[in-house]
Amino acid sequence: MNKTYSSLLLLAVLLCTRAPAQMLPEPLTDGPTANSDEGRPLTYYLPDLEYDPNIPTPEEFLGWQIGDWHISHDLQQAYMRALAASSDRITLEVIGHTYEQRPLLNLIYTTPENHGRLEELREMHVNWSSPNGGMSDGDLADVPGVLYQGYSIHGNEASGGNAAVMAAYYLAAAPMSEVGELLTNNIIVFDPCYNPDGFNRFASWANTHKNKNMTADGQDREYSEAYPRGRSNHYWFDLNRDWLPVQHPESQARIAQFHRWKPNILTDHHEMGTDATFFFMPGESTRVHPMTAPVNQELTARIGEYHSAALDRIGSLYYSGEGYDDFYYGKGSTYPDIFGTVGILFEQASSRGHLQESENGILTFPFTIRNQVTTALSTYEALENLHDDLLSYQREFNLEGVTSDGYVIDADGDPGRSRELADILARHGLPVQHGTSEEGEAYYVPKTPFSEAAFEPILEFEDSLFYDVSTFSLPMAFNLPYRQVSGGTPTDMRWTSYQMGEATAPFDRSRAEYAYFIPSNDYYSVRAIYELQDAGVRVKVSDQSFSINDGATEFGRGTAMVPVYGQEMSAEELHRIVTEVEDETGIDILTTNSGTVDAGGLMLGSRSAYQTLRKPEIALLIEGSTSSLDAGETWHLLDQRFGIPITKLPIDEVGSSDLSRYNTIIMPDGYYNRLDESVATALKEWMGRDKVFITVERAGTWAAKNGLANLTERKTSDPDSAITQRPYEKAERDRGGQVLGGSIYRTVADLTHPLLFGMKREEIPVFRSGTLLYEPAENIYATPVRYADEPLISGYSPRGFAQKAAGSAAVIVSGSRGGRTISFASNPNFRGFWYGTNRLFMNAIMFGTTINGSTVE
């Protein structure tokens, strides 16, 4: 490595915002070993061209060739900074940071001349497809095309992020005779790693377990990652399902950049099973969302022709038109389709480490990278040649059908929950309006292809198979009423432009002489209660509704009360703490100066009306047979949204752990058929007064079998059980049609129950995946939420399942040794954005011990 490249390496590492990069592996000096693919030249990956010698190659920078090791994110971003420092074709942007504070980098590629007026070109491109852009069809020749190219949103699908290094070098160093027209007429937004935290986790695993003399045996530890594996982000979420919910910083930064540039093509490089080959879009023609324009799929197929030709040139096997779908707009390859962009999914058979046996022969890590690089370059060729068609499609898609229609979302008396939905809608580029009237608050968004797809239920499908969920209504996820309107914002409210994160009402800062009230209607009331408890404040809760000020101010069940008397701090200190909690949660905490609060005579000292709340001390069971996705959703909910610390307790260590530290234990969904008996023994010994055990989906079944819950699965018969013969070719489709991948069901709730504190309407939409059903409890008070008689609201349901679900239990409360077991039949925290039901989950944590024992036994 010469002095120039050594200096660049030192500079790049110093510029990193992470800890120092991992020690570099020793450069290879002996060439490839007998069972490795090391020692490949640059031309193994890239065309044989006269590359700019002033641009460091990956091998010059790293000391080893791409594919010899899994590049860590620290080294990847250091190399990207080195490229940006040495090339006038690149503007480097840090668009955000992950939870682990790794930078989210974008490299903007175009010609040096275009960089001189980059913002002008960006605005021209955006205006081209905007209804108010003021551009005509005759401007087409001047408008740059935009490609958003991204890699490895699943961190253990590492060929993408490693290929990104080669593709980034190619764009920076290839001669202008090769890339000049591409960069003159287009702008490439290059995202080398969608998921830095997971990518780095996997690189460490694969490199740690690499043999010098590599084995292709798939049973080697190199190919079997430890829990939670590298697919997910810091909180174990699948970021490729978060394009619609946008709950995480990686997604929020990426979606903001998407709407800033409005690309014509977005690519998403993934991996699949080792025995597969290489897939590129289009997918199954019958599994395309009906809101996606047919021309989108036509352009996808035309782009695919460039991939076919490129893979033919290097002799790689590939396929298209089957296996994958284009339905759920929460995935990276489908989200763009609802904005006039063409989303492209690439799936490469995975080596998962460095070398694996497959039914297509020995699969090497470098080979997987090579296919990803090849299709990255063929995407550039497609962008260059289809420039006019892509821009014309984007313009037509966004200009057609512009109306004055829109949607009004009722805030439902819950400022916190409705504000979170408004933030999500704003992140997707919708101009959100906030409305107020004497009756309450609402939000308005115009009707666009995106808002229509994200709001309206869907019940008719061309196909019964789905790669992911079959519906995704955002207002239903938040349990908020909405309606479609015409003519813009309704005239019965005062409307202002909404800005993300803003408070929607002023606070009452007055100091209480007697008590403070935390209204139960706000989603974040449980957070306010916990923050007060954490500050040493005693908090009580009422199971009755009441009013103050001669009925002028009403409070629902679940209103928390903080008495001034009897606290371990002065009235002045208590007021300071309450004010801080108001600022943290956005909740207006109200006051009273009397112990008698309404005409009915309710008194704040009543033991029958008010119970003191214990501060939750929580253990979340993880590892072993638990679902890392479900566990991660709970961890994120408590840690990020509610500020409640938890202990992540390995389930296999429950029998040897001191459980007395916890008053709440959460068992997420998982596969528990072979769980060690010591877990059940320890939990039964732990259960008792003031203890709450929360189970989700199959954890409830396990709890019932082991004497920790009182519930019974509802047996369902197969509607096709009477059929004695079916064609063999129908077997796979028949089996897939029986899967419930994700639909929305209607439930009916008992609003007097503590689990429903703060809820206003009896009907609550819940998200269901899987066909597990519970019979209602024998105790007539112990099933606070049931499925409605006609439960299906939106999405695909296997034939006859909705009828079977009718009347079954959505939540059951049972008891053991004076404790409470609260069992959810479906995941209330689905993907972090099902706010309507994770309110019930938080109520279970905070109010579970207030449930009357006679109603659960």
# chains A, B, ... in the order shown; residues from 1 in each chain; ligands from 1
>>> residues_around(residues="segment 221-223 of chain A", least_positions_apart="5", cutoff="9 Å", atoms="only C-alpha atoms", output="MDAnalysis selection string")
chainID A and resid 205:211 351:354 356
>>> residues_around(residues="Thr596 of chain A", least_positions_apart="4", cutoff="12 Å", atoms="only C-alpha atoms", output="list in words")
Tyr514, Ala515, Phe546, Ser547, Ile548, Asn549, Asp550, Thr592, Gly600, Gly601, Leu602, Met603, Leu604, Gly605 and Ser606 of chain A
>>> residues_around(residues="Leu649 of chain A", least_positions_apart="4", cutoff="9 Å", atoms="only C-alpha atoms", output="PyMOL selection string")
chain A and resi 619-623+653-654+657
>>> select_by_dssp(residues="segment 253-324 of chain A", states="strand (DSSP E)", output="NGL selection string")
:A and (265-272 or 278-280)
>>> residues_around(residues="segment 144-146 of chain A", least_positions_apart="5", cutoff="7 Å", atoms="only C-alpha atoms", output="list in words")
Leu121, His125, Asn185, Asn186, Ile187, Ile188, Pro263, Asn264, Ile265, His387 and Leu391 of chain A
>>> closest_residue(among="A:Gly150, A:Pro131, A:Gly536, A:Pro668", to="Ser627 of chain A", atoms="only C-alpha atoms")
A:Pro668
>>> decode(residues="segment 485-521 of chain A", atoms="N, CA, C and O atoms", output="JSON list (two decimals), in the first residue's frame")
[["chain", "number", "residue", "atom", "x", "y", "z"],
["A", 485, "VAL", "N", -63.45, 12.55, 2.18],
["A", 485, "VAL", "CA", -64.21, 13.78, 1.95],
["A", 485, "VAL", "C", -63.82, 14.35, 0.59],
["A", 485, "VAL", "O", -62.79, 14.01, 0.02],
["A", 486, "SER", "N", -64.66, 15.24, 0.08],
["A", 486, "SER", "CA", -64.40, 15.92, -1.19],
["A", 486, "SER", "C", -64.32, 17.42, -0.95],
["A", 486, "SER", "O", -64.89, 17.94, 0.02],
["A", 487, "GLY", "N", -63.59, 18.10, -1.83],
["A", 487, "GLY", "CA", -63.54, 19.55, -1.76],
["A", 487, "GLY", "C", -62.50, 20.10, -0.80],
["A", 487, "GLY", "O", -62.59, 21.27, -0.40],
["A", 488, "GLY", "N", -61.52, 19.31, -0.42],
["A", 488, "GLY", "CA", -60.49, 19.79, 0.48],
["A", 488, "GLY", "C", -60.89, 19.66, 1.93],
["A", 488, "GLY", "O", -61.77, 18.88, 2.30],
["A", 489, "THR", "N", -60.25, 20.44, 2.79],
["A", 489, "THR", "CA", -60.51, 20.35, 4.23],
["A", 489, "THR", "C", -61.93, 20.80, 4.54],
["A", 489, "THR", "O", -62.40, 21.81, 4.01],
["A", 490, "PRO", "N", -62.63, 20.08, 5.42],
["A", 490, "PRO", "CA", -63.99, 20.47, 5.80],
["A", 490, "PRO", "C", -64.01, 21.84, 6.47],
["A", 490, "PRO", "O", -63.05, 22.25, 7.13],
["A", 491, "THR", "N", -65.12, 22.53, 6.32],
["A", 491, "THR", "CA", -65.22, 23.90, 6.81],
["A", 491, "THR", "C", -65.63, 23.98, 8.28],
["A", 491, "THR", "O", -65.67, 25.08, 8.84],
["A", 492, "ASP", "N", -65.91, 22.85, 8.92],
["A", 492, "ASP", "CA", -66.36, 22.90, 10.30],
["A", 492, "ASP", "C", -65.21, 22.84, 11.30],
["A", 492, "ASP", "O", -65.43, 22.69, 12.51],
["A", 493, "MET", "N", -63.97, 22.95, 10.81],
["A", 493, "MET", "CA", -62.82, 22.95, 11.70],
["A", 493, "MET", "C", -61.84, 24.04, 11.27],
["A", 493, "MET", "O", -61.86, 24.51, 10.13],
["A", 494, "ARG", "N", -60.96, 24.44, 12.19],
["A", 494, "ARG", "CA", -59.88, 25.38, 11.89],
["A", 494, "ARG", "C", -58.63, 24.57, 11.56],
["A", 494, "ARG", "O", -58.18, 23.76, 12.38],
["A", 495, "TRP", "N", -58.05, 24.81, 10.39],
["A", 495, "TRP", "CA", -56.96, 23.97, 9.90],
["A", 495, "TRP", "C", -55.65, 24.75, 9.83],
["A", 495, "TRP", "O", -55.62, 25.90, 9.42],
["A", 496, "THR", "N", -54.58, 24.09, 10.25],
["A", 496, "THR", "CA", -53.23, 24.65, 10.12],
["A", 496, "THR", "C", -52.31, 23.55, 9.60],
["A", 496, "THR", "O", -52.57, 22.36, 9.79],
["A", 497, "SER", "N", -51.23, 23.95, 8.97],
["A", 497, "SER", "CA", -50.25, 22.99, 8.48],
["A", 497, "SER", "C", -49.56, 22.32, 9.66],
["A", 497, "SER", "O", -49.11, 22.97, 10.60],
["A", 498, "TYR", "N", -49.49, 20.99, 9.61],
["A", 498, "TYR", "CA", -48.91, 20.23, 10.72],
["A", 498, "TYR", "C", -47.42, 19.99, 10.49],
["A", 498, "TYR", "O", -47.01, 19.62, 9.39],
["A", 499, "GLN", "N", -46.64, 20.19, 11.52],
["A", 499, "GLN", "CA", -45.22, 19.90, 11.49],
["A", 499, "GLN", "C", -44.94, 18.74, 12.44],
["A", 499, "GLN", "O", -45.44, 18.70, 13.55],
["A", 500, "MET", "N", -44.12, 17.80, 12.00],
["A", 500, "MET", "CA", -43.85, 16.60, 12.79],
["A", 500, "MET", "C", -43.35, 16.94, 14.18],
["A", 500, "MET", "O", -42.48, 17.80, 14.35],
["A", 501, "GLY", "N", -43.94, 16.25, 15.17],
["A", 501, "GLY", "CA", -43.47, 16.37, 16.54],
["A", 501, "GLY", "C", -43.99, 17.55, 17.31],
["A", 501, "GLY", "O", -43.68, 17.70, 18.50],
["A", 502, "GLU", "N", -44.80, 18.40, 16.68],
["A", 502, "GLU", "CA", -45.25, 19.59, 17.39],
["A", 502, "GLU", "C", -46.37, 19.24, 18.37],
["A", 502, "GLU", "O", -47.18, 18.35, 18.15],
["A", 503, "ALA", "N", -46.39, 19.96, 19.50],
["A", 503, "ALA", "CA", -47.50, 19.81, 20.45],
["A", 503, "ALA", "C", -48.73, 20.48, 19.87],
["A", 503, "ALA", "O", -48.64, 21.51, 19.20],
["A", 504, "THR", "N", -49.89, 19.89, 20.10],
["A", 504, "THR", "CA", -51.10, 20.42, 19.49],
["A", 504, "THR", "C", -51.94, 21.27, 20.43],
["A", 504, "THR", "O", -52.97, 21.78, 20.03],
["A", 505, "ALA", "N", -51.51, 21.40, 21.68],
["A", 505, "ALA", "CA", -52.29, 22.21, 22.62],
["A", 505, "ALA", "C", -51.38, 22.73, 23.72],
["A", 505, "ALA", "O", -50.38, 22.08, 24.07],
["A", 506, "PRO", "N", -51.68, 23.90, 24.31],
["A", 506, "PRO", "CA", -50.88, 24.41, 25.42],
["A", 506, "PRO", "C", -51.14, 23.62, 26.70],
["A", 506, "PRO", "O", -52.17, 22.97, 26.84],
["A", 507, "PHE", "N", -50.18, 23.65, 27.63],
["A", 507, "PHE", "CA", -50.31, 22.92, 28.88],
["A", 507, "PHE", "C", -50.82, 23.83, 30.00],
["A", 507, "PHE", "O", -50.56, 25.03, 30.03],
["A", 508, "ASP", "N", -51.52, 23.22, 30.94],
["A", 508, "ASP", "CA", -51.88, 23.88, 32.19],
["A", 508, "ASP", "C", -50.73, 23.67, 33.17],
["A", 508, "ASP", "O", -50.51, 22.56, 33.65],
["A", 509, "ARG", "N", -49.99, 24.73, 33.46],
["A", 509, "ARG", "CA", -48.81, 24.60, 34.30],
["A", 509, "ARG", "C", -49.10, 24.88, 35.78],
["A", 509, "ARG", "O", -48.18, 25.01, 36.58],
["A", 510, "SER", "N", -50.36, 25.00, 36.15],
["A", 510, "SER", "CA", -50.69, 25.38, 37.52],
["A", 510, "SER", "C", -50.25, 24.29, 38.51],
["A", 510, "SER", "O", -50.22, 23.11, 38.18],
["A", 511, "ARG", "N", -49.92, 24.74, 39.71],
["A", 511, "ARG", "CA", -49.49, 23.83, 40.76],
["A", 511, "ARG", "C", -50.71, 23.36, 41.56],
["A", 511, "ARG", "O", -51.55, 24.17, 41.96],
["A", 512, "ALA", "N", -50.79, 22.06, 41.79],
["A", 512, "ALA", "CA", -51.93, 21.51, 42.54],
["A", 512, "ALA", "C", -51.71, 21.66, 44.03],
["A", 512, "ALA", "O", -50.60, 21.48, 44.54],
["A", 513, "GLU", "N", -52.80, 21.95, 44.73],
["A", 513, "GLU", "CA", -52.77, 21.98, 46.18],
["A", 513, "GLU", "C", -53.17, 20.62, 46.75],
["A", 513, "GLU", "O", -52.77, 20.28, 47.87],
["A", 514, "TYR", "N", -53.94, 19.85, 45.96],
["A", 514, "TYR", "CA", -54.45, 18.58, 46.48],
["A", 514, "TYR", "C", -53.98, 17.37, 45.66],
["A", 514, "TYR", "O", -53.45, 16.42, 46.21],
["A", 515, "ALA", "N", -54.17, 17.41, 44.32],
["A", 515, "ALA", "CA", -53.79, 16.26, 43.50],
["A", 515, "ALA", "C", -53.65, 16.67, 42.04],
["A", 515, "ALA", "O", -54.20, 17.68, 41.60],
["A", 516, "TYR", "N", -52.92, 15.84, 41.30],
["A", 516, "TYR", "CA", -52.77, 15.96, 39.86],
["A", 516, "TYR", "C", -53.49, 14.79, 39.19],
["A", 516, "TYR", "O", -53.51, 13.67, 39.72],
["A", 517, "PHE", "N", -54.03, 15.03, 38.00],
["A", 517, "PHE", "CA", -54.68, 13.98, 37.22],
["A", 517, "PHE", "C", -53.95, 13.78, 35.89],
["A", 517, "PHE", "O", -53.67, 14.75, 35.18],
["A", 518, "ILE", "N", -53.69, 12.54, 35.56],
["A", 518, "ILE", "CA", -53.13, 12.18, 34.24],
["A", 518, "ILE", "C", -54.27, 11.55, 33.45],
["A", 518, "ILE", "O", -54.68, 10.42, 33.74],
["A", 519, "PRO", "N", -54.79, 12.23, 32.44],
["A", 519, "PRO", "CA", -55.93, 11.68, 31.68],
["A", 519, "PRO", "C", -55.56, 10.36, 31.02],
["A", 519, "PRO", "O", -54.47, 10.19, 30.50],
["A", 520, "SER", "N", -56.49, 9.43, 31.03],
["A", 520, "SER", "CA", -56.23, 8.10, 30.47],
["A", 520, "SER", "C", -56.37, 8.07, 28.96],
["A", 520, "SER", "O", -55.97, 7.09, 28.33],
["A", 521, "ASN", "N", -56.95, 9.10, 28.37],
["A", 521, "ASN", "CA", -57.24, 9.05, 26.93],
["A", 521, "ASN", "C", -55.99, 9.12, 26.08],
["A", 521, "ASN", "O", -55.99, 8.71, 24.93]]
